[in-house]
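One structure is given here, and the rest of the page talks about it.
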Amino acid sequence: MPTAPPVLPDDLAATLPDPTFDLPRFLEGVATQGDVVSFTHGGRKRVLINDAAFVARFLQEAGDETRHAPINESTAAVTGDGLLSSTEPRWRPRRLLVQRQLSHRKVREHLDVFADSTTAWLAGLTDGRAVDLHAQLTGLTLDNLGDTVFAADFRPLRELLSRVMTGVLSVAAAANAGLDDEGVRAALHSDVARVDELIASMMSERENANTVGTDVLSVLVAAARQQDDTFNTRWARDEALTLIVAGHDTTSLLTTLALSLLARHPHVREVLRGELRAARAEGTPQSNLCEEVPLVRHVLAETLRLYPPVPVLHRLATQDVTVQGHTVPAGTLLVFSPWVQHRDSRHFVDPHAFDPWRFSDQRRAEVGPAYIPFGAGRRICAGNHFATLQSAMILTLVTLLADIETSPQEPALTYAVALRLRDGLPARLRPVVERQDAP
């Protein structure tokens, strides 16, 4: 006979991190009580489900109505009807259009741009001065987003767009905790209004152009000429803002944490550097190195395992759910956590260790359905190729050209919908000195 899920004991809850600021590690503590555990946060009952097979099946099969959670609705209030919040029947054709523009094949066309921008960026950093590497990478990835997706110079907009990103995450995290900071929300909407003006200007330029450009914004504007319920001017604005909000922060975080892991595990860095040098000596073009050396992908995959960009997913139970003999009533917020699943020893050997080779062909069978760094199902992140290929190029060139000195300790992380680096990543970069006999 199904029973109600066990409830997180108050005495244990009192010892755990504050879920408003560190929900992933709070959920690690919740998961010690079982795979289906009830707890309260933000004045609302929630149930953590840490059954990887159930989570994968739910994300594959669940309808749009399950996305009605405060954290999702708060983000939608800013990004409008873009991919993060669109519903059927409009969502599918919109998703197909954007997905084609951000496919692996399309993103590969930008590898030379990523290589050139990274080389120029590194040239100004490898002098040994102290920098916040995360802030530097955020600027680089935002510039790349402007150059490739929008065919626009985002360099003068760095401060504004950074504030928008921080504001979106802060307001969403507050909504998830049942809070509302009117000042933060007002400042965010003021900044978003300025971004709206910029998007409108870029869209107007493309409307008046003699030819249709190949950048993603031009494709959105061309589709919006239909002015129907699916493709219209308002949708193009919403999709553009969604791409700006989601299009660079994940990349900079992934790249920063991958470089931090390599700096803290120099034996892995040296193996990677050796394989990259060998491939280069064999004549592999610079822009192809990141795809020709599998260990680059393995390092990024392992970084995503340890630090999934969105470590917690929220879904609404629209009907009673039964899992592992427990019944979760309709109306309950379901909480799935890639962070918790990725650090579960039932799914990964030595789960807290940095071991990129677990993603090699020889060991790939070790990685099962519990691995969901970009979500799963039809709502899996549409920009995952853009994020991982750009990160791969930056990681490749930094490994070849620079040595990074940073703290041997894990960087301090906070949670505001997505993972954030509380203090950035203080570091010093110096040029790699290659031996004369090195390949």
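Chain labels run A, B, ... following the order of the structure tokens; each chain numbers its residues from 1, and ligands are numbered from 1 in the order shown.
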- [ ] Within 10 Å of range 154-161 of chain A, counting only C-alpha atoms, which residues show up once you throw out same-chain ones fewer than 2 positions away? Write them as number ranges by chain, please.
- [x] A: 138-140, 142-147, 150-152, 163-167, 191-192, 194-195, 198, 244-245
Open item on the list: Going by DSSP on the backbone, which residues of range 59-163 of chain A come out as helix (DSSP H, G or I)? List them as number ranges by chain.
Closed with: A: 59-61, 64-67, 70-79, 91-101, 104-108, 111-123, 133-148, 155-163
Open item on the list: Let me make sure I understand: among A:Asp355, A:Glu28, A:Asp81, A:Glu275, which one has the smallest atom-to-atom distance to Val299 in chain A if we use only C-alpha atoms?
Closed with: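 Once distances to Val299 in chain A are computed over only C-alpha atoms, the minimum belongs to A:Asp355.
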Neighbouring residues of Val340 in chain A were defined as those with any atom within 10 Å, considering only C-alpha atoms; residues of the same chain fewer than 5 positions away were excluded. Please report them as a short mmCIF file (atom, residue, chain, number, x, y, z; two decimals) with N, CA and C atoms, in the first residue's frame.
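Result file follows (result_17.cif):
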```cif
data_model
loop_
_atom_site.label_atom_id
_atom_site.label_comp_id
_atom_site.auth_asym_id
_atom_site.auth_seq_id
_atom_site.Cartn_x
_atom_site.Cartn_y
_atom_site.Cartn_z
N PRO A 24 21.58 23.16 -3.45
CA PRO A 24 22.16 21.86 -3.80
C PRO A 24 22.70 21.10 -2.59
N ARG A 25 23.48 21.78 -1.73
CA ARG A 25 24.05 21.06 -0.58
C ARG A 25 22.99 20.79 0.49
N PHE A 26 21.98 21.64 0.58
CA PHE A 26 20.84 21.33 1.44
C PHE A 26 20.19 20.03 0.98
N LEU A 27 20.01 19.87 -0.32
CA LEU A 27 19.37 18.67 -0.85
C LEU A 27 20.25 17.44 -0.67
N GLU A 28 21.57 17.61 -0.67
CA GLU A 28 22.44 16.47 -0.35
C GLU A 28 22.09 15.93 1.04
N GLY A 29 21.85 16.84 1.97
CA GLY A 29 21.46 16.41 3.32
C GLY A 29 20.08 15.77 3.34
N VAL A 30 19.15 16.33 2.56
CA VAL A 30 17.81 15.75 2.48
C VAL A 30 17.89 14.33 1.95
N ALA A 31 18.75 14.11 0.94
CA ALA A 31 18.85 12.80 0.29
C ALA A 31 19.37 11.72 1.22
N ASN A 50 14.99 11.44 -5.69
CA ASN A 50 16.36 11.13 -6.08
C ASN A 50 16.43 9.73 -6.70
N LEU A 306 30.36 17.35 -11.91
CA LEU A 306 30.60 17.89 -10.58
C LEU A 306 29.86 19.20 -10.35
N PRO A 308 26.91 20.82 -12.29
CA PRO A 308 25.85 21.06 -13.29
C PRO A 308 25.37 22.51 -13.20
N PRO A 311 21.67 23.20 -10.99
CA PRO A 311 21.80 22.00 -10.15
C PRO A 311 20.50 21.47 -9.58
N VAL A 312 19.41 22.24 -9.71
CA VAL A 312 18.13 21.83 -9.16
C VAL A 312 17.03 22.16 -10.17
N ALA A 370 21.47 8.86 -14.80
CA ALA A 370 21.58 9.83 -13.71
C ALA A 370 22.32 11.09 -14.14
#
```
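The smallest atom-to-atom distance between Leu125 in chain A and any of A:Leu300, A:Ala418, A:Leu253, A:Ala402, using only C-alpha atoms, is found for A:Ala402.
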Task: Non-local contacts of Pro351 in chain A (9 Å; only C-alpha atoms; under 5 positions in same chain excluded) as an NGL selection string - done: :A and (306 or 342-346)
Sorted by chain and rising residue number, which residues of range 23-104 of chain A lie within 9 Å of range 225-242 of chain A, and what are their closest atom pairs and distances in Å to one decimal, counting only C-alpha atoms, as JSON lines?
```
{"residue": "A:Val78", "atom": "CA", "partner": "A:Leu241", "partner_atom": "CA", "distance": 8.5}
{"residue": "A:Thr79", "atom": "CA", "partner": "A:Thr242", "partner_atom": "CA", "distance": 5.5}
{"residue": "A:Gly80", "atom": "CA", "partner": "A:Asp238", "partner_atom": "CA", "distance": 5.3}
{"residue": "A:Asp81", "atom": "CA", "partner": "A:Asp238", "partner_atom": "CA", "distance": 5.7}
{"residue": "A:Gly82", "atom": "CA", "partner": "A:Glu239", "partner_atom": "CA", "distance": 4.4}
{"residue": "A:Leu83", "atom": "CA", "partner": "A:Glu239", "partner_atom": "CA", "distance": 6.7}
{"residue": "A:Leu84", "atom": "CA", "partner": "A:Thr242", "partner_atom": "CA", "distance": 7.4}
{"residue": "A:Pro89", "atom": "CA", "partner": "A:Thr230", "partner_atom": "CA", "distance": 8.3}
{"residue": "A:Arg90", "atom": "CA", "partner": "A:Thr230", "partner_atom": "CA", "distance": 5.2}
{"residue": "A:Trp91", "atom": "CA", "partner": "A:Thr230", "partner_atom": "CA", "distance": 8.1}
{"residue": "A:Pro93", "atom": "CA", "partner": "A:Thr230", "partner_atom": "CA", "distance": 7.8}
{"residue": "A:Arg94", "atom": "CA", "partner": "A:Thr230", "partner_atom": "CA", "distance": 7.4}
{"residue": "A:Val98", "atom": "CA", "partner": "A:Glu239", "partner_atom": "CA", "distance": 8.9}
```
Open item on the list: What does the structure give for the distance between CA of Trp357 in chain A and CA of His298 in chain A, in Å to one decimal?
Closed with: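 Computing it gives 6.4 Å between the two atoms.
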Open item on the list: At a cut-off of 7 Å, using only C-alpha atoms, what residues contact Thr318 in chain A? Leave out same-chain residues fewer than 2 positions from it and give the result as number ranges by chain.
Closed with: A: 66, 316, 330-331
Selection export as a compact mmCIF listing (two decimals), in the first residue's frame, atoms kept: C-alpha atoms:
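Below you can see out-v9.txt, which holds the result:
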```txt
# COMPACT_ATOMS: atom_id res chain seq x y z
CA THR A 66 4.37 20.65 -14.89
CA LEU A 316 4.70 20.57 -10.45
CA ALA A 330 -1.11 16.50 -7.00
CA GLY A 331 -0.12 20.12 -6.42
```
- [ ] Excluding Glu207 in chain A and any residue of its chain fewer than 2 positions from it, enumerate the residues within 9 Å of it, using only C-alpha atoms, and give them as a ChimeraX atom specification.
- [x] /A:202-205,209-210,212,218,221-222,225
Selected residues written out with C-alpha atoms, as an mmCIF file, in the first residue's frame:
```cif
data_model
loop_
_atom_site.group_PDB
_atom_site.id
_atom_site.type_symbol
_atom_site.label_atom_id
_atom_site.label_comp_id
_atom_site.auth_asym_id
_atom_site.auth_seq_id
_atom_site.Cartn_x
_atom_site.Cartn_y
_atom_site.Cartn_z
ATOM 1 C CA MET A 202 19.110 45.476 -33.728
ATOM 2 C CA MET A 203 15.879 43.978 -35.013
ATOM 3 C CA SER A 204 15.029 47.181 -36.883
ATOM 4 C CA GLU A 205 18.425 47.129 -38.594
ATOM 5 C CA ALA A 209 18.619 45.264 -44.443
ATOM 6 C CA ASN A 210 18.692 44.373 -48.131
ATOM 7 C CA VAL A 212 18.907 38.282 -44.663
ATOM 8 C CA SER A 218 18.512 37.687 -38.346
ATOM 9 C CA VAL A 221 13.569 38.481 -37.447
ATOM 10 C CA ALA A 222 12.981 36.708 -40.755
ATOM 11 C CA ARG A 225 7.664 38.399 -40.566
#
```
- [ ] Select, from A:Ala278, A:Leu97, A:Ala123, A:Ala172, the residue with the minimum atom-to-atom distance to Leu217 in chain A, counting only C-alpha atoms.
- [x]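 Ranked by minimum distance to Leu217 in chain A, first place goes to A:Leu97.
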Task: All residues 10 Å or closer to His314 in chain A, only C-alpha atoms, same chain fewer than 5 positions away omitted, as a ChimeraX atom specification - done: /A:46-48,66-72,176,333-337
- [ ] Rank nothing, just name the residue among A:Gly368, A:Phe374, A:Asp350, A:Thr414 nearest to Ala52 in chain A, using only C-alpha atoms.
- [x] A:Gly368
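Of the residues listed (A:Ala427, A:Leu111, A:Val417, A:Leu8), A:Ala427 shows the shortest atom-to-atom separation from Arg129 in chain A; distances use only C-alpha atoms.
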